[in-house]
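Notes follow the structure.
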Number of protein chains: 8
Amino acid sequence: MEVQEILKAVQGGSLTLEEAELKLKLKPFEDLGFAKLDEHRAIRQGMQEVIYGASKTPEQILTIAQKMDENGCKNILITRMKPEAAELVKTKLDLFYDPLSRIGIVNRESVDSGNGRIVVVSGGTSDMPVCEEAALTLEALGNKVDRIYDVGVAGLHRLLANLEPIMAANVVIAVAGMEGALASVVGGLVDVPVIAVPTSVGYGASFKGVSALLSMLNSCASGTAVVNIDNGFGAAVMASRINHMKGKNG
Amino acid sequence: MEVQEILKAVQGGSLTLEEAELKLKLKPFEDLGFAKLDEHRAIRQGMQEVIYGASKTPEQILTIAQKMDENGCKNILITRMKPEAAELVKTKLDLFYDPLSRIGIVNRESVDSGNGRIVVVSGGTSDMPVCEEAALTLEALGNKVDRIYDVGVAGLHRLLANLEPIMAANVVIAVAGMEGALASVVGGLVDVPVIAVPTSVGYGASFKGVSALLSMLNSCASGTAVVNIDNGFGAAVMASRINHMKGKNG
Amino acid sequence: MEVQEILKAVQGGSLTLEEAELKLKLKPFEDLGFAKLDEHRAIRQGMQEVIYGASKTPEQILTIAQKMDENGCKNILITRMKPEAAELVKTKLDLFYDPLSRIGIVNRESVDSGNGRIVVVSGGTSDMPVCEEAALTLEALGNKVDRIYDVGVAGLHRLLANLEPIMAANVVIAVAGMEGALASVVGGLVDVPVIAVPTSVGYGASFKGVSALLSMLNSCASGTAVVNIDNGFGAAVMASRINHMKGKNG
Amino acid sequence: MEVQEILKAVQGGSLTLEEAELKLKLKPFEDLGFAKLDEHRAIRQGMQEVIYGASKTPEQILTIAQKMDENGCKNILITRMKPEAAELVKTKLDLFYDPLSRIGIVNRESVDSGNGRIVVVSGGTSDMPVCEEAALTLEALGNKVDRIYDVGVAGLHRLLANLEPIMAANVVIAVAGMEGALASVVGGLVDVPVIAVPTSVGYGASFKGVSALLSMLNSCASGTAVVNIDNGFGAAVMASRINHMKGKNG
Amino acid sequence: MEVQEILKAVQGGSLTLEEAELKLKLKPFEDLGFAKLDEHRAIRQGMQEVIYGASKTPEQILTIAQKMDENGCKNILITRMKPEAAELVKTKLDLFYDPLSRIGIVNRESVDSGNGRIVVVSGGTSDMPVCEEAALTLEALGNKVDRIYDVGVAGLHRLLANLEPIMAANVVIAVAGMEGALASVVGGLVDVPVIAVPTSVGYGASFKGVSALLSMLNSCASGTAVVNIDNGFGAAVMASRINHMKGKNG
Amino acid sequence: MEVQEILKAVQGGSLTLEEAELKLKLKPFEDLGFAKLDEHRAIRQGMQEVIYGASKTPEQILTIAQKMDENGCKNILITRMKPEAAELVKTKLDLFYDPLSRIGIVNRESVDSGNGRIVVVSGGTSDMPVCEEAALTLEALGNKVDRIYDVGVAGLHRLLANLEPIMAANVVIAVAGMEGALASVVGGLVDVPVIAVPTSVGYGASFKGVSALLSMLNSCASGTAVVNIDNGFGAAVMASRINHMKGKNG
Amino acid sequence: MEVQEILKAVQGGSLTLEEAELKLKLKPFEDLGFAKLDEHRAIRQGMQEVIYGASKTPEQILTIAQKMDENGCKNILITRMKPEAAELVKTKLDLFYDPLSRIGIVNRESVDSGNGRIVVVSGGTSDMPVCEEAALTLEALGNKVDRIYDVGVAGLHRLLANLEPIMAANVVIAVAGMEGALASVVGGLVDVPVIAVPTSVGYGASFKGVSALLSMLNSCASGTAVVNIDNGFGAAVMASRINHMKGKNG
Amino acid sequence: MEVQEILKAVQGGSLTLEEAELKLKLKPFEDLGFAKLDEHRAIRQGMQEVIYGASKTPEQILTIAQKMDENGCKNILITRMKPEAAELVKTKLDLFYDPLSRIGIVNRESVDSGNGRIVVVSGGTSDMPVCEEAALTLEALGNKVDRIYDVGVAGLHRLLANLEPIMAANVVIAVAGMEGALASVVGGLVDVPVIAVPTSVGYGASFKGVSALLSMLNSCASGTAVVNIDNGFGAAVMASRINHMKGKNG
């Protein structure tokens, strides 16, 4: 209904003032055709739905995964999936499950649709769950990943010994807890985007990752950006988007 | 000197124990040929030096800029440049200066070496200095930029009215102070990397940008990463690196 | 006793100095008739007592609820009620109990004494316990409620698809964790009071709801006010008071 | 263009794949008719534009105010208006200006379109600028206001002496710095909505209003909600919306 | 009017329902006779009014002080008094003014109405303004004061050299910035109440007094309580009340 | 050994330089006669030892208590005593134990050695453990206590109904969590020292007592001081010292 | 390969541009001979590897310890070792294990390679786990240790009674929780380096060690430095390095 | 007076009870002979007095410096000395003054009494004032200093190019703002004590040095300790004490 029509209907008495006022407020949005919106989702976001497992029951997870499986989905990603959910889903679907990172993947397939390789570097072995959340997510999203773990700056030679793959990467994800200095050192070595992931590893004044987070936000190396504490998944989505960017000629 | 040589020299008395110990410690690093390192810098980092103007005198800035100019540099970028520095540099060099963002550019040239366009969106007009720091840096680094300012989420229609350029971008930089919700809303609309820049705009419980920073780190939209408060320059370097990424075939 | 009387009694020796001093201090308050105060309570606060279940034993809750039941109370509200308390109360009284929000209601009755409808919107399914604490409280206080859940700003179309009931509401309660952007977006769409409830949903830099709280306090949308983290009950009391406000002619 | 048309155009070659993909992404939003949106603004938000003076030059303020004046606006509100802006605007328009709260009002007119009265109570005289920002905004938005200042809880009798107007109010705005206890005490006395405004008044551990803010968020009195530190304007908008709510029969 | 009268008046129509409801709400408070309250103030609080100079103009301060002078007041205390206010007041009244602590006292008189002596100890000379605010307030309230300054724990012998007066005191006020350890050391030596005053002296991680405040709150010495940062006045009021306590037989 | 002697011994060779240097450093402290110090402890601190039960095994507590019992001690106080410790001690000694506050008292005796009564007021029933820690400690230290619980400011009439004992007290301990406003309201009513105890009662933005702590530190009522969160014991020691102060004539 | 060679290879086509660019980036580092680096580790860091037990399984700890044992290592240090790991290791190796500090030492041997003695002082018995982590680490690293525990500043005489060993030490480690004042008092007495270790001992506003940490950072005694909360191990490594420093003639 | 004498005097009436009680309290301290304490100060602390210039007038500084000069002192150190104080002192004494670090030294003399060299490394040129405060203090205390500035980790090669002097040092002071990663990297390279100094250099989430401070406290490199933000002086005192430590044979 156009604005004039609305006003006429008011004049004619077929619309109350309240109904008319509401219609005028809604006007700018009314033709959106929201029913179609869901179909557009995958197109708009460039990525099929990811199942966030933390707040769902095993049954809910199974139901969603089965629907996606019926639609022919591959690499159905489930994050923060509890072992009991994995056990249930395994009875019905082809599930890969990594208990360390709590990542589950239904119908896992190796795909390489990205422009290059992505390196995940980490400061210490305690950072592994976050690293693997990132690495497995990256692979499920179609990226080739190099894992270079336990190369914290307290033993600089370990990092320097791995310079070649780091410098050849298209994107680097730097995962570190405690003082988070790894992100700055790596950021100073490479010329590609670095995504820093602070972890909650540490004690005392690490404040469950806040120290690493602040350190990474203040990195003296430009070309670095930061995600939430322990958010390996978010870093992977960002990195995958970068790695799937179209080149000059599309 | 090799390890064996060192030990022999100790045996023979031509090296004291202290000298030998120091040599052994340095061994892993000694052949680095650091003198050559500086030549490699531009190659390694993919970007010529940027002059950080905040802690330099006008004379120091002029001297550095003149050397770079003599080496034939274009788009010499000076950040956080005070007006008095701009006045001095202008007397000797071809300087573009924007007093709002305090960005100076010597020998400015329009270049488009990136893969696509970068959009800078902002919540309000008070965010302009940070936005322009980002936008002018992006242009100096060879990117095409669309500026879409003052589209904060309190008036959602303003943002929706600009959907086309935002969705066509290769990278989006979302700049916002106060509650920083813009980053989440934009992050939920696009499928390209979003770099969020919290600004110190606000009062009271905005805590000079901390509120916006936390909001952006917790964004429920994946594919977003965050830089330091008011760090338009850092966001631009990150975005430019993404936009200059090589495609599948290099 | 009047001031002069007190002083005379001192002069005459029937009052010690200490007794007189205390009487003078108490003078302004002494005629309050506190015994009558409790009768006035329901009138003064416009609402019968609510039983805060968190720090009470099942037996204590039962005792209070039974007394109110004997007085003919309907919709006796018990918040943060543990399952074991619910089990006990059920054996004696007609109890409705929602284990998710831990709301219990004795002698539940549907009443609509408010001016209009109240909408409860939420960012994600994890916010449900807080949402239901608000919604069930609202209903017990005599309001009609529309629940619009899981419409977080990362998928803006979900929110826009529900514009009609949101815009037709008399009050909106916006419940969100993580970055809490929902409150700002909703606040920018409607012209009625918005009460924002931050939740402790999130991890890392969400700091158990602090990020959402700060975000909501800094909302760029005017006409929004905030309650404590996870305080669905408080938001509902505020909203119900607004919805029961008298119109121009009382 | 409908989805099918888009796909056909791709088939036929009149659309590149990139153009088609962008069109599909925009589909849900394209018929919004944004040009008309601005006209709807006043309707949607129920309030004409307010000029936020803090980040605008005197000339910018004058220009906006003049346009609104030409459109016949009354009670044009300018917040955080600096004295020099007031001086300029006064030369051209009929401006009321209060230097304490920095509120300016062009074409001020007394209107009473609300349902009842709104009381602004404050803890101390230092809270006056925030109080008056609230009170003058309320009046400009068509509300009758009672000012009850300097009734902090350290002298409880001062507050009790003003019980009558407080209890007769439709909404109460409680403004306090330091420990902010006023909001709890008032919230325990009345049965109408209380909007608490923490102020930055205090020193040391008041942390520029944080102490009062936390105090108000934790108020043991239900029916209270809080706005940002020193945000008298925001509290007034919220209160005015409540006071203009339609009664049962519209 | 009694409750029954109110209800009858409603029945008879001489009271509207609204008027009656308000009367019933006010009932518990109505006979307070507030007009008399102010006369009771000095009795109730045991102390004549103190003029808080920080937010008052010189003229306002003068006016209040003159009224108190006309009423025959001695030791009229003005805190945080700016030099320009002191200059004005001096032209009309007999003012003592200490520019370091910004304490002013009109009609200063030496009185000793307390039970014993009060010691003010401080860590360093930079704490002097807060110390003197405390000491001069104490004297104006009728206490004898011993000042023992610059005896910080880094030079323990300085403190030990002053043990005698400290141990003979009735109350000790311990003033310290930086790490605030003085309060714990003193608290471990004496058996009288210790009031700790953190000061904003320090830099970096002293966070303007927060470090000293936390230190004092966590003192391992029992019998210590703390006031706000830099609040020498508050500590003095507390100490004076203690020192004026009545003994066993009043 | 005097300084000259030390130097001579060095000259004569009977002292090495190192021994001499250490002796000189120790000189100022060497005659302290520390062995006698312990005997002086009770005198110096005015209070026999209190057993802090939190970090001691039941056996350790029993051993200490038995020794004190053998020395004829009465009212042997044990704080934060776990139930299992109480059970053990009860088998050997005459123990009073309160499981709520975890206070144990061996050889409990009613004593009244103070100058007057001490009132403990609290905001809500959840504050009881802290209140009783204070009240039982006070009694063990020889004070008469009035308990006035659950008189939070949200229902001001409950507090006002208890004005008489509060105003007749020699010291008031105000215990409150959440927003801690009780301390300010009480502080504004009385003219005796008020010791405020913040409790960790609350949720969300109460931050485990920080909100109440800040509120109390910023109290607009003078004559109030604060102890650590949940530190009922510390408040009681402070209050007892005040209540045992000698009057004017000792 | 030298730079010229690289460029020629590009010219000649035997190197792609990408390969050449990577080689140029790596140039400064390529001759490092990293394989040899590990051999240098003990030399470079002056200390054999320490096994951080917190994030390792008992089996992993055993494996590493066995390898070091086979290499003839003595005093193999395992920190934060869980009891179950100790039980396993004991079955195969000669393990000393202290359950309080969770320190394990394989092939423990008493060595004294330092310049002098190190004193560990602590405030209270609850600090013991951190103290022993420091003391046992010190001994394993070849230092003689004096333990002086439970000498908190609330009973100054206990500290003064131990002046002799404290003043004779080469390094002092001061361990304290709560208000951490011990570090300042000790720092003011001695002329050797003091390493302060804040502990998480305390409650309420101790904020798990933050209060002690801030206190120590702000110590008014120069010559003090601080390590992380509860980091007894780190303090010991620092102290041992100081104690093993070479004198003037090496 | 001995304890028995005191008691007899009480019995005999020559001492009041109050006097006796005080004497008994003081007993443990009375023979300290404090008058002699000051002479011992230099011996006890191993360092002549340093003049803290921040809170002293130029005249006060001159007076103290002149007295020390008359006593023949060399290298009289004045920290945080304002330029106007330097100008005054220069008129009377032989003053070296560095306006950057605000260090003044009267009767400066080059001395080398330490065991080895101390290196001061810094992240950026903005850290210079803090670096020079440390370096000039070190020299005044008799140490040889190597300054290696502007070697932040973002350009790792700059640091590696200076490995030789860093590895040959006896102590390293690492000065850095922003993310403070320098301390960790240096700490991982050397085997001598590292003292980390966070600086307030940075903006936004550097929080005036807090980010660097936390980073340094959490350093994954053992053997590092931290001083307060911007406390170059404190780091130098600590380092000098280490460098003047006696070797094995004194």
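By order in the structure tokens, chains are A, B, ...; within a chain, residues start at 1; ligands start at 1, following the order shown.
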
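Residue neighbourhood of Asn243 in chain D, excluding near-sequence residues (fewer than 3 positions): Gly114, Asn115, Gly116, Asn170, Ala239 and Ser240 of chain D, at 7 Å, using only C-alpha atoms.
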
- Name the residues in contact with Gly188 in chain A at a cut-off of 8 Å, using only C-alpha atoms, excluding same-chain residues fewer than 2 positions from it; report them as number ranges by chain. A: 184-186, 190, 221-222; B: 45; H: 153-156

Could the residues in this selection be written to a file with N, CA and C atoms, as a PDB file, in the first residue's frame?
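Result written to result_8.pdb:
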```pdb
ATOM      1  N   SER A 184      53.560 -10.032  17.521  1.00  0.00           N
ATOM      2  CA  SER A 184      54.376  -8.898  17.105  1.00  0.00           C
ATOM      3  C   SER A 184      55.606  -9.356  16.340  1.00  0.00           C
ATOM      4  N   VAL A 185      56.245 -10.418  16.822  1.00  0.00           N
ATOM      5  CA  VAL A 185      57.451 -10.883  16.151  1.00  0.00           C
ATOM      6  C   VAL A 185      57.111 -11.400  14.753  1.00  0.00           C
ATOM      7  N   VAL A 186      56.062 -12.202  14.652  1.00  0.00           N
ATOM      8  CA  VAL A 186      55.654 -12.703  13.344  1.00  0.00           C
ATOM      9  C   VAL A 186      55.217 -11.542  12.455  1.00  0.00           C
ATOM     10  N   VAL A 190      56.662 -10.861   8.301  1.00  0.00           N
ATOM     11  CA  VAL A 190      55.961 -11.170   7.055  1.00  0.00           C
ATOM     12  C   VAL A 190      55.289  -9.949   6.450  1.00  0.00           C
ATOM     13  N   ALA A 221      53.845  -4.004  15.227  1.00  0.00           N
ATOM     14  CA  ALA A 221      53.893  -4.418  13.834  1.00  0.00           C
ATOM     15  C   ALA A 221      52.561  -4.129  13.167  1.00  0.00           C
ATOM     16  N   SER A 222      52.552  -3.323  12.116  1.00  0.00           N
ATOM     17  CA  SER A 222      51.315  -3.030  11.397  1.00  0.00           C
ATOM     18  C   SER A 222      50.889  -4.265  10.608  1.00  0.00           C
TER      19      SER A 222
ATOM     20  N   GLN B  45      58.964  -6.605   3.764  1.00  0.00           N
ATOM     21  CA  GLN B  45      57.704  -6.103   4.302  1.00  0.00           C
ATOM     22  C   GLN B  45      56.731  -5.625   3.224  1.00  0.00           C
TER      23      GLN B  45
ATOM     24  N   VAL H 153      60.702  -5.317  18.444  1.00  0.00           N
ATOM     25  CA  VAL H 153      60.596  -6.618  17.812  1.00  0.00           C
ATOM     26  C   VAL H 153      59.913  -6.585  16.457  1.00  0.00           C
ATOM     27  N   ALA H 154      59.254  -5.465  16.108  1.00  0.00           N
ATOM     28  CA  ALA H 154      58.630  -5.421  14.796  1.00  0.00           C
ATOM     29  C   ALA H 154      59.681  -5.467  13.694  1.00  0.00           C
ATOM     30  N   GLY H 155      60.908  -5.145  14.002  1.00  0.00           N
ATOM     31  CA  GLY H 155      62.003  -5.273  13.041  1.00  0.00           C
ATOM     32  C   GLY H 155      63.106  -6.089  13.699  1.00  0.00           C
ATOM     33  N   LEU H 156      62.893  -7.368  13.708  1.00  0.00           N
ATOM     34  CA  LEU H 156      63.715  -8.244  14.519  1.00  0.00           C
ATOM     35  C   LEU H 156      65.191  -8.147  14.178  1.00  0.00           C
TER      36      LEU H 156
END
```

Residues of chain B within 9 Å of chain C: nearest atom pair and distance (Å, one decimal) for each, counting only C-alpha atoms, sorted by chain and number, as a tab-separated table?
```
residue	atom	partner	partner_atom	distance
B:Gly152	CA	C:Cys220	CA	7.9
B:Val153	CA	C:Val185	CA	5.5
B:Ala154	CA	C:Gly188	CA	4.0
B:Gly155	CA	C:Gly188	CA	5.4
B:Leu156	CA	C:Gly188	CA	6.9
B:Gly177	CA	C:Asn218	CA	9.0
B:Met178	CA	C:Asn218	CA	5.2
B:Glu179	CA	C:Ser215	CA	4.3
B:Gly180	CA	C:Ser215	CA	7.3
B:Ala181	CA	C:Ala181	CA	4.8
B:Leu182	CA	C:Ala181	CA	8.1
B:Ser184	CA	C:Ala154	CA	5.9
B:Val185	CA	C:Val153	CA	5.5
B:Val186	CA	C:Ala154	CA	8.0
B:Gly187	CA	C:Ala154	CA	6.6
B:Gly188	CA	C:Ala154	CA	4.0
B:Leu189	CA	C:Gly155	CA	7.2
B:Gly202	CA	C:Asn218	CA	7.6
B:Tyr203	CA	C:Asn218	CA	8.2
B:Gly204	CA	C:Asn218	CA	8.3
B:Ala205	CA	C:Leu214	CA	6.4
B:Ser206	CA	C:Asn218	CA	6.1
B:Val210	CA	C:Leu214	CA	8.7
B:Ser211	CA	C:Leu214	CA	5.4
B:Ala212	CA	C:Ser215	CA	6.9
B:Leu213	CA	C:Ser211	CA	8.9
B:Leu214	CA	C:Ser211	CA	5.5
B:Ser215	CA	C:Glu179	CA	4.3
B:Met216	CA	C:Glu179	CA	6.8
B:Leu217	CA	C:Ala205	CA	6.8
B:Asn218	CA	C:Glu179	CA	5.1
B:Ser219	CA	C:Glu179	CA	5.5
B:Cys220	CA	C:Ala154	CA	5.9
B:Ala221	CA	C:Ala154	CA	4.9
B:Ser222	CA	C:Ala154	CA	8.4
```

Now that the selection is made, can you save its residues with N, CA, C and O atoms as a tab-separated table (two decimals), in the first residue's frame?
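Result saved to out.tsv:
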```tsv
chain	number	residue	atom	x	y	z
B	152	GLY	N	25.51	5.08	11.31
B	152	GLY	CA	25.40	4.33	12.57
B	152	GLY	C	24.10	3.56	12.68
B	152	GLY	O	23.09	3.92	12.05
B	153	VAL	N	24.11	2.52	13.49
B	153	VAL	CA	22.98	1.60	13.52
B	153	VAL	C	21.74	2.19	14.15
B	153	VAL	O	20.66	1.62	14.03
B	154	ALA	N	21.86	3.35	14.82
B	154	ALA	CA	20.66	3.95	15.40
B	154	ALA	C	19.69	4.38	14.30
B	154	ALA	O	18.52	4.59	14.54
B	155	GLY	N	20.19	4.56	13.10
B	155	GLY	CA	19.32	4.86	11.96
B	155	GLY	C	19.62	3.86	10.86
B	155	GLY	O	20.33	4.16	9.91
B	156	LEU	N	19.09	2.67	11.03
B	156	LEU	CA	19.49	1.54	10.21
B	156	LEU	C	19.30	1.80	8.72
B	156	LEU	O	20.05	1.30	7.87
B	177	GLY	N	32.60	4.42	17.37
B	177	GLY	CA	32.86	4.63	18.79
B	177	GLY	C	31.65	4.18	19.58
B	177	GLY	O	30.93	3.29	19.18
B	178	MET	N	31.43	4.80	20.74
B	178	MET	CA	30.28	4.49	21.58
B	178	MET	C	30.11	2.97	21.75
B	178	MET	O	30.97	2.33	22.31
B	179	GLU	N	29.01	2.38	21.22
B	179	GLU	CA	28.81	0.95	21.45
B	179	GLU	C	29.34	0.09	20.32
B	179	GLU	O	29.28	-1.12	20.39
B	180	GLY	N	29.86	0.68	19.27
B	180	GLY	CA	30.54	-0.09	18.23
B	180	GLY	C	29.72	-1.15	17.54
B	180	GLY	O	30.26	-2.10	16.97
B	181	ALA	N	28.39	-1.01	17.54
B	181	ALA	CA	27.54	-2.05	16.98
B	181	ALA	C	27.65	-2.15	15.47
B	181	ALA	O	27.32	-3.17	14.88
B	182	LEU	N	28.15	-1.07	14.85
B	182	LEU	CA	28.23	-1.05	13.39
B	182	LEU	C	29.00	-2.25	12.85
B	182	LEU	O	28.62	-2.85	11.84
B	184	SER	N	29.28	-5.28	13.95
B	184	SER	CA	28.49	-6.51	13.93
B	184	SER	C	27.46	-6.51	12.82
B	184	SER	O	27.25	-7.51	12.14
B	185	VAL	N	26.79	-5.38	12.66
B	185	VAL	CA	25.76	-5.31	11.64
B	185	VAL	C	26.38	-5.46	10.26
B	185	VAL	O	25.90	-6.25	9.43
B	186	VAL	N	27.46	-4.75	10.00
B	186	VAL	CA	28.14	-4.88	8.71
B	186	VAL	C	28.68	-6.30	8.53
B	186	VAL	O	28.54	-6.91	7.48
B	187	GLY	N	29.27	-6.82	9.59
B	187	GLY	CA	29.83	-8.18	9.51
B	187	GLY	C	28.78	-9.22	9.20
B	187	GLY	O	29.07	-10.27	8.62
B	188	GLY	N	27.54	-8.95	9.56
B	188	GLY	CA	26.47	-9.89	9.27
B	188	GLY	C	25.93	-9.76	7.86
B	188	GLY	O	25.20	-10.63	7.38
B	189	LEU	N	26.29	-8.68	7.16
B	189	LEU	CA	25.75	-8.45	5.81
B	189	LEU	C	26.69	-8.94	4.72
B	189	LEU	O	26.24	-9.38	3.67
B	202	GLY	N	32.80	9.23	22.40
B	202	GLY	CA	31.83	8.88	23.43
B	202	GLY	C	32.17	9.57	24.72
B	202	GLY	O	33.06	10.42	24.77
B	203	TYR	N	31.45	9.23	25.78
B	203	TYR	CA	31.72	9.82	27.10
B	203	TYR	C	31.25	8.83	28.14
B	203	TYR	O	30.62	7.81	27.84
B	204	GLY	N	31.54	9.09	29.39
B	204	GLY	CA	31.08	8.23	30.48
B	204	GLY	C	31.58	6.80	30.31
B	204	GLY	O	32.78	6.56	30.18
B	205	ALA	N	30.64	5.87	30.28
B	205	ALA	CA	31.00	4.45	30.24
B	205	ALA	C	31.53	4.00	28.88
B	205	ALA	O	31.67	2.81	28.65
B	206	SER	N	31.83	4.92	27.98
B	206	SER	CA	32.52	4.50	26.76
B	206	SER	C	33.99	4.27	27.08
B	206	SER	O	34.70	3.61	26.34
B	210	VAL	N	36.99	1.82	25.07
B	210	VAL	CA	37.02	0.44	25.57
B	210	VAL	C	35.69	-0.25	25.30
B	210	VAL	O	35.65	-1.42	24.92
B	211	SER	N	34.59	0.47	25.47
B	211	SER	CA	33.28	-0.13	25.22
B	211	SER	C	33.18	-0.60	23.77
B	211	SER	O	32.78	-1.73	23.50
B	212	ALA	N	33.57	0.24	22.84
B	212	ALA	CA	33.51	-0.14	21.43
B	212	ALA	C	34.47	-1.30	21.14
B	212	ALA	O	34.15	-2.22	20.39
B	213	LEU	N	35.64	-1.25	21.74
B	213	LEU	CA	36.63	-2.32	21.54
B	213	LEU	C	36.06	-3.66	21.97
B	213	LEU	O	36.11	-4.66	21.23
B	214	LEU	N	35.51	-3.72	23.17
B	214	LEU	CA	34.97	-4.99	23.67
B	214	LEU	C	33.82	-5.45	22.79
B	214	LEU	O	33.70	-6.63	22.46
B	215	SER	N	32.96	-4.53	22.42
B	215	SER	CA	31.84	-4.86	21.57
B	215	SER	C	32.32	-5.52	20.28
B	215	SER	O	31.80	-6.55	19.85
B	216	MET	N	33.35	-4.95	19.68
B	216	MET	CA	33.84	-5.48	18.40
B	216	MET	C	34.52	-6.84	18.58
B	216	MET	O	34.40	-7.71	17.73
B	217	LEU	N	35.23	-7.02	19.68
B	217	LEU	CA	35.88	-8.31	19.92
B	217	LEU	C	34.85	-9.41	20.11
B	217	LEU	O	35.12	-10.59	19.83
B	218	ASN	N	33.68	-9.06	20.62
B	218	ASN	CA	32.65	-10.04	20.89
B	218	ASN	C	31.62	-10.15	19.78
B	218	ASN	O	30.57	-10.76	19.98
B	219	SER	N	31.94	-9.56	18.65
B	219	SER	CA	30.95	-9.54	17.58
B	219	SER	C	30.42	-10.93	17.28
B	219	SER	O	31.16	-11.89	17.14
B	220	CYS	N	29.10	-11.02	17.20
B	220	CYS	CA	28.50	-12.31	16.89
B	220	CYS	C	28.63	-12.62	15.40
B	220	CYS	O	28.27	-13.71	14.96
B	221	ALA	N	29.17	-11.70	14.61
B	221	ALA	CA	29.39	-11.95	13.19
B	221	ALA	C	30.81	-12.46	12.99
B	221	ALA	O	31.76	-11.78	13.33
B	222	SER	N	30.96	-13.66	12.45
B	222	SER	CA	32.29	-14.20	12.18
B	222	SER	C	32.93	-13.43	11.02
B	222	SER	O	32.26	-12.74	10.27
```

Once DSSP has gone over the backbone, tell me which residues of range 61-116 of chain C are in alpha helix (DSSP H), as a PDB file with C-alpha atoms, in the first residue's frame.
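Saved as selection.pdb:
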```
ATOM      1  CA  ILE C  61       9.456 -20.767  50.048  1.00  0.00           C
ATOM      2  CA  LEU C  62       6.553 -23.087  50.680  1.00  0.00           C
ATOM      3  CA  THR C  63       5.629 -21.347  53.908  1.00  0.00           C
ATOM      4  CA  ILE C  64       5.547 -17.896  52.346  1.00  0.00           C
ATOM      5  CA  ALA C  65       3.670 -19.106  49.283  1.00  0.00           C
ATOM      6  CA  GLN C  66       1.083 -20.855  51.435  1.00  0.00           C
ATOM      7  CA  LYS C  67       0.409 -17.713  53.456  1.00  0.00           C
ATOM      8  CA  MET C  68      -0.061 -15.691  50.291  1.00  0.00           C
ATOM      9  CA  ASP C  69      -2.303 -18.412  48.900  1.00  0.00           C
ATOM     10  CA  GLU C  70      -4.422 -18.310  52.046  1.00  0.00           C
ATOM     11  CA  PRO C  83      14.037 -27.580  41.006  1.00  0.00           C
ATOM     12  CA  GLU C  84      13.961 -29.147  44.479  1.00  0.00           C
ATOM     13  CA  ALA C  85      11.938 -26.197  45.775  1.00  0.00           C
ATOM     14  CA  ALA C  86       9.537 -26.569  42.872  1.00  0.00           C
ATOM     15  CA  GLU C  87       9.056 -30.234  43.657  1.00  0.00           C
ATOM     16  CA  LEU C  88       8.164 -29.514  47.248  1.00  0.00           C
ATOM     17  CA  VAL C  89       5.817 -26.630  46.508  1.00  0.00           C
ATOM     18  CA  LYS C  90       4.023 -28.693  43.863  1.00  0.00           C
TER      19      LYS C  90
END
```
